[in-house]
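Reading through the structure tokens given below for one structure.
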Amino acid sequence: MTLTSIRRFARLRRLPLLPLAMVAATVLVALFADVLAPHDPLGINPAARQMPPVFAGGSWEHPLGTDRLGRDVFSRIVLGTQISLGVAVATILLGGLIGTVLGLVAGYRGGWIDALVMRSADGFLAFPSILLALVLAVTVGPSFTVVVVVLALVLWARFARLVRGEVLAIKERDYILLARVAGAGGAYIVWRHILPNILNTLVVLCTLQVGWAIIVEASLTFLGAGVPPPTPTWGGMVAEGLDYIESAWWISVMPGLAILLVVFSYNTVGDWLRDVLDPQLRNV
Amino acid sequence: MTQQAQPILQVRNLVTRIGGKRGFGNAVDDVSFDLMPGETLGLVGESGSGKSMTCLSVLRLTPPAATHITGGQVIFDGEDLLRKTGAEMRGYRGRRISMILQDPMRALNPVLTVGEQIFESLRLHRGLRGAALREAACELLERVRIPDPAAGLTAYPHHFSGGMRQRVVGAIALAGNPDILIADEPTTALDVTVQAAFLDLLKSIQRQDRLGILFVTHDFAVVSRMCDRVAVMYAGRIVETAPTDMLFDRPRHPYTESLLRSVPDVDRREERLYAIPGQPPSVFAPRTGCPFAPRCPRAMDRCRQETPPTRRLDDGHEVSCWLHEE
């Protein structure tokens, strides 16, 4: 007991405080975006166009400056957090759920179901998601839903692959055989014995996918296949500011920095979680 | 064995085929044995002789992709299990026939508490809920002599030592009040003192419940301690079955003889330990004659051509060897 508690303490000392704080901050900002934004993120103000940020000679009225329509960049980034994180969470919930269920079934049942699921996963992983998004954006029109569906189409395959691999390893363990000896059925074994064993892995995968989802969402919006304007999104803001990069660099750079920091934080936290959870799971 | 009862389990001419990239063969080849209520039947043999596959075949839990039970009967309580549907079979598992395995470190799910894993069996087999469930789980842990059962319920498997874990595994196996317990080398992973305590526990539970135990092992010390009768397996076949003391005193099959000779004896300080020359045949090798013939010191021409039938000898031995054909 003492040894494990010391170890646990030591592990906790290697806590990535800054990224963790960033992750917590993004969640809070996303939840309270409407309260935190000092200005209306959609409010056009022709009198205050392309105002520089406060550290580049601007005023505290617009701490990160304004864009070409005089909209407050800071407020738009704050509201963009909601969209970016919303897309990420919705994608991971949808894709993760589908992928996990299919991965569990494929791994546990094996045979043709396994072959079918895994070959489709390969197909979806090989298919360029940006192209798919562009096609959908043209045919059904760009929207939040389209972005989530496109991302989930790729994401389920990643979850399915990982989950299947874990199931293959776990289902050979003795306690699975003993559960079958005890008369438990397939669905029960998967739910009660296999799923709890891969929960840690799933948590890590989810965290690591947040960064990916934010970047792809930003790319899609940048290309015009994402969440349509005037909704403020980070990718969209970068795209809008690109034409003014020489005169008003902050319009693109500020949301770009937001993407950078948030993705970095989520990935760092994900890596950290993997290190913390994995050896514990293997050692018990 | 005091009263003449019906066997609880009769295995008749069981054949389990195994197949893969390397070919096909019989992992369990024409195996027959009886198990009486309250009796312990030892199943001994080298690794790969088909002991575990026989056990899994009885429960119909052999790996579905690679194996197939192709013939014979597994008559449990008068009914042939091989004719049951999958759903019917699930009603037998745990409730009538239960099993414990070799390595208690791997037999428990590391992410669930011991309590949850015992509750699971109790819910499944006895339909217990709530307070009754807790009480029954405590009773079970008490039965397998776990000190402080209430605390044990909330502990995780890694909080227990190997011997304690095997007791927990035993408690889970006994949750459904089975008629038969299949014990697949349950003490191999335990050290000797813990082993003795576990075997004593198993014996006392057996006496209380008239539990039939099919005891797989390759340790003759354990056999002499536990088993009423012993079946010796070689290459998927049972070559000799006899009451334990008779098997030790007068082995009738040359393989049993060699096997007993290979057990090191503390009293005899030999220069070299005896080893049976040669290797057991691969499951996938084609078979003609007695599978032990190539390694048998007393093999005759006939042994290499024809498979010997199983004969019941006057002294209670059942043996499959041409030496005993008159």
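Each chain in the structure tokens gets a letter, A, B and so on, in the order shown; residues start at 1 in every chain, and ligands are counted from 1 in the order they appear.
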As a PyMOL selection string, please: the residues near Ile8 in chain B (cut-off 10 Å, only C-alpha atoms, same-chain neighbours under 2 positions excluded). chain B and resi 5-6+10+34-39+75-78+179-180+211-212
If we count only C-alpha atoms, which residues of chain B reach to within 10 Å of chain A? Please list them as number ranges by chain. B: 56, 59-63, 65, 86-112, 116-117, 120-122, 124-125, 156-159, 169, 172-176
Dump of C-alpha atoms for the selected residues, as a PDB file, in the first residue's frame:
```pdb
ATOM      1  CA  LEU B  56     -13.163 -27.841 -22.433  1.00  0.00           C
ATOM      2  CA  LEU B  59     -18.206 -27.825 -21.291  1.00  0.00           C
ATOM      3  CA  ARG B  60     -18.296 -27.376 -25.064  1.00  0.00           C
ATOM      4  CA  LEU B  61     -16.007 -24.382 -24.787  1.00  0.00           C
ATOM      5  CA  THR B  62     -13.190 -25.444 -27.102  1.00  0.00           C
ATOM      6  CA  PRO B  63     -11.870 -22.604 -29.294  1.00  0.00           C
ATOM      7  CA  ALA B  65     -12.324 -21.336 -34.869  1.00  0.00           C
ATOM      8  CA  GLY B  86     -26.140 -23.187 -27.098  1.00  0.00           C
ATOM      9  CA  ALA B  87     -28.756 -21.645 -24.806  1.00  0.00           C
ATOM     10  CA  GLU B  88     -29.429 -24.932 -23.010  1.00  0.00           C
ATOM     11  CA  MET B  89     -25.697 -25.419 -22.593  1.00  0.00           C
ATOM     12  CA  ARG B  90     -25.390 -22.073 -20.837  1.00  0.00           C
ATOM     13  CA  GLY B  91     -27.822 -23.340 -18.233  1.00  0.00           C
ATOM     14  CA  TYR B  92     -25.400 -26.150 -17.413  1.00  0.00           C
ATOM     15  CA  ARG B  93     -22.277 -24.040 -17.216  1.00  0.00           C
ATOM     16  CA  GLY B  94     -21.599 -22.724 -13.740  1.00  0.00           C
ATOM     17  CA  ARG B  95     -24.832 -24.131 -12.357  1.00  0.00           C
ATOM     18  CA  ARG B  96     -24.126 -27.832 -12.922  1.00  0.00           C
ATOM     19  CA  ILE B  97     -20.539 -27.941 -14.167  1.00  0.00           C
ATOM     20  CA  SER B  98     -17.992 -25.395 -13.063  1.00  0.00           C
ATOM     21  CA  MET B  99     -14.296 -24.923 -13.596  1.00  0.00           C
ATOM     22  CA  ILE B 100     -11.171 -23.452 -12.054  1.00  0.00           C
ATOM     23  CA  LEU B 101      -7.941 -22.830 -13.924  1.00  0.00           C
ATOM     24  CA  GLN B 102      -4.242 -23.016 -13.404  1.00  0.00           C
ATOM     25  CA  ASP B 103      -3.201 -19.419 -12.877  1.00  0.00           C
ATOM     26  CA  PRO B 104      -5.202 -17.504 -10.268  1.00  0.00           C
ATOM     27  CA  MET B 105      -3.331 -14.350 -11.289  1.00  0.00           C
ATOM     28  CA  ARG B 106      -5.097 -14.421 -14.620  1.00  0.00           C
ATOM     29  CA  ALA B 107      -8.402 -15.919 -13.633  1.00  0.00           C
ATOM     30  CA  LEU B 108      -9.845 -12.747 -12.119  1.00  0.00           C
ATOM     31  CA  ASN B 109     -10.724  -9.570 -13.964  1.00  0.00           C
ATOM     32  CA  PRO B 110      -8.255  -6.946 -12.700  1.00  0.00           C
ATOM     33  CA  VAL B 111     -10.638  -4.000 -13.069  1.00  0.00           C
ATOM     34  CA  LEU B 112     -13.560  -5.428 -11.106  1.00  0.00           C
ATOM     35  CA  GLU B 116     -18.539  -7.759  -8.173  1.00  0.00           C
ATOM     36  CA  GLN B 117     -17.136 -10.932  -9.665  1.00  0.00           C
ATOM     37  CA  GLU B 120     -22.037 -11.890 -10.983  1.00  0.00           C
ATOM     38  CA  SER B 121     -22.162 -15.657 -10.533  1.00  0.00           C
ATOM     39  CA  LEU B 122     -24.694 -15.427  -7.723  1.00  0.00           C
ATOM     40  CA  LEU B 124     -26.618 -15.451 -12.792  1.00  0.00           C
ATOM     41  CA  HIS B 125     -27.181 -18.750 -11.034  1.00  0.00           C
ATOM     42  CA  TYR B 156      -9.464  -5.842  -6.027  1.00  0.00           C
ATOM     43  CA  PRO B 157      -7.792  -9.078  -7.155  1.00  0.00           C
ATOM     44  CA  HIS B 158      -4.310  -7.584  -6.909  1.00  0.00           C
ATOM     45  CA  HIS B 159      -4.814  -7.039  -3.185  1.00  0.00           C
ATOM     46  CA  VAL B 169     -11.738 -18.303  -8.021  1.00  0.00           C
ATOM     47  CA  ILE B 172     -16.877 -18.020  -7.828  1.00  0.00           C
ATOM     48  CA  ALA B 173     -16.863 -21.538  -9.260  1.00  0.00           C
ATOM     49  CA  LEU B 174     -18.929 -22.823  -6.315  1.00  0.00           C
ATOM     50  CA  ALA B 175     -21.447 -19.975  -6.451  1.00  0.00           C
ATOM     51  CA  GLY B 176     -23.843 -21.958  -8.609  1.00  0.00           C
TER      52      GLY B 176
END
```
Using the chain letters and numbers from this document, which residues of range 45-177 of chain B does DSSP assign to helix (DSSP H, G or I), as an MDAnalysis selection string? chainID B and resid 51:59 81:83 86:92 114:126 130:143 149:154 157:159 162:174
Report, in Å with one decimal, the straight-line distance from CA of Ser59 in chain A to CA of Ser75 in chain A.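 Value for the CA of Ser59 in chain A-CA of Ser75 in chain A distance: 14.7 Å.
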Looking only at the backbone, which of the residues in range 71-249 of chain B does DSSP tag as strand (DSSP E), as a PyMOL selection string? chain B and resi 71-76+79-80+97-100+180-184+212-217+229-234+237-243
Since we have the selection now, will you write its residues out, keeping C-alpha atoms, as a short mmCIF file (atom, residue, chain, number, x, y, z; two decimals), in the first residue's frame?
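File produced: again.cif:
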```cif
data_model
loop_
_atom_site.label_atom_id
_atom_site.label_comp_id
_atom_site.auth_asym_id
_atom_site.auth_seq_id
_atom_site.Cartn_x
_atom_site.Cartn_y
_atom_site.Cartn_z
CA GLY B 71 -18.05 -37.58 -32.11
CA GLY B 72 -18.99 -39.32 -28.92
CA GLN B 73 -21.28 -38.48 -26.05
CA VAL B 74 -20.95 -36.39 -22.91
CA ILE B 75 -23.72 -37.73 -20.72
CA PHE B 76 -24.31 -35.55 -17.71
CA GLU B 79 -28.53 -36.18 -20.82
CA ASP B 80 -26.12 -35.88 -23.72
CA ILE B 97 -20.54 -27.94 -14.17
CA SER B 98 -17.99 -25.40 -13.06
CA MET B 99 -14.30 -24.92 -13.60
CA ILE B 100 -11.17 -23.45 -12.05
CA ILE B 180 -19.01 -31.20 -11.04
CA LEU B 181 -15.93 -29.09 -10.69
CA ILE B 182 -13.34 -29.30 -13.41
CA ALA B 183 -10.01 -28.28 -11.91
CA ASP B 184 -7.42 -27.69 -14.59
CA GLY B 212 -17.50 -34.68 -8.50
CA ILE B 213 -14.07 -33.34 -9.36
CA LEU B 214 -12.27 -33.85 -12.62
CA PHE B 215 -8.75 -33.01 -11.58
CA VAL B 216 -6.19 -32.28 -14.27
CA THR B 217 -2.59 -32.34 -13.19
CA ARG B 229 -9.09 -42.83 -9.56
CA VAL B 230 -6.67 -41.75 -12.23
CA ALA B 231 -6.89 -41.68 -16.01
CA VAL B 232 -3.57 -41.43 -17.82
CA MET B 233 -3.65 -39.60 -21.14
CA TYR B 234 -1.20 -39.87 -23.97
CA ARG B 237 -6.12 -41.00 -25.71
CA ILE B 238 -6.71 -42.43 -22.27
CA VAL B 239 -4.23 -45.30 -22.09
CA GLU B 240 -4.94 -46.47 -18.57
CA THR B 241 -7.55 -45.87 -15.87
CA ALA B 242 -7.24 -47.31 -12.38
CA PRO B 243 -7.91 -46.59 -8.70
#
```
Neighbouring residues of Thr231 in chain A were defined as those with any atom within 9 Å, considering only C-alpha atoms; residues of the same chain fewer than 4 positions away were excluded. Please report them as a VMD selection string. chain A and resid 41 to 42 76 79 to 80 83 227 236
Just want the 12 Å neighbourhood of Pro128 in chain A, counted on only C-alpha atoms, with same-chain residues fewer than 4 positions away dropped. Output as a ChimeraX atom specification. /A:122-124,132-135,150-151,153-154,216
For the selection just defined, write its residues with C-alpha atoms to a file, as a tab-separated table (two decimals), in the first residue's frame.
```tsv
chain	number	residue	atom	x	y	z
A	122	ASP	CA	-9.43	0.56	-43.69
A	123	GLY	CA	-11.51	2.06	-46.46
A	124	PHE	CA	-12.69	4.97	-44.36
A	132	LEU	CA	-15.44	13.97	-48.61
A	133	ALA	CA	-16.20	17.15	-46.69
A	134	LEU	CA	-15.88	19.26	-49.84
A	135	VAL	CA	-18.23	16.95	-51.73
A	150	VAL	CA	-17.48	13.84	-41.92
A	151	LEU	CA	-15.12	13.75	-38.95
A	153	LEU	CA	-16.79	8.90	-40.58
A	154	VAL	CA	-13.03	8.86	-40.18
A	216	VAL	CA	-9.49	19.19	-39.28
```
Using only C-alpha atoms, which of the listed residues (B:Asn177, B:Thr188, B:Ser224, B:Thr244) sits closest to Gln208 in chain B?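 Among B:Asn177, B:Thr188, B:Ser224, B:Thr244, it is B:Asn177 that comes nearest to Gln208 in chain B.
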Hey, what's within 12 Å of Ala221 in chain B if we count only C-alpha atoms and toss same-chain stuff fewer than 3 positions away? As number ranges by chain, please? B: 42, 44, 187-188, 192, 195-196, 199, 217-218, 224-227, 244-245, 248, 260, 263-265
Could you give me, as an MDAnalysis selection string, the residues within 10 Å of Pro229 in chain A, counting only C-alpha atoms and dropping anything in the same chain fewer than 6 positions from it? chainID A and resid 42 142:143 221 236:237 240
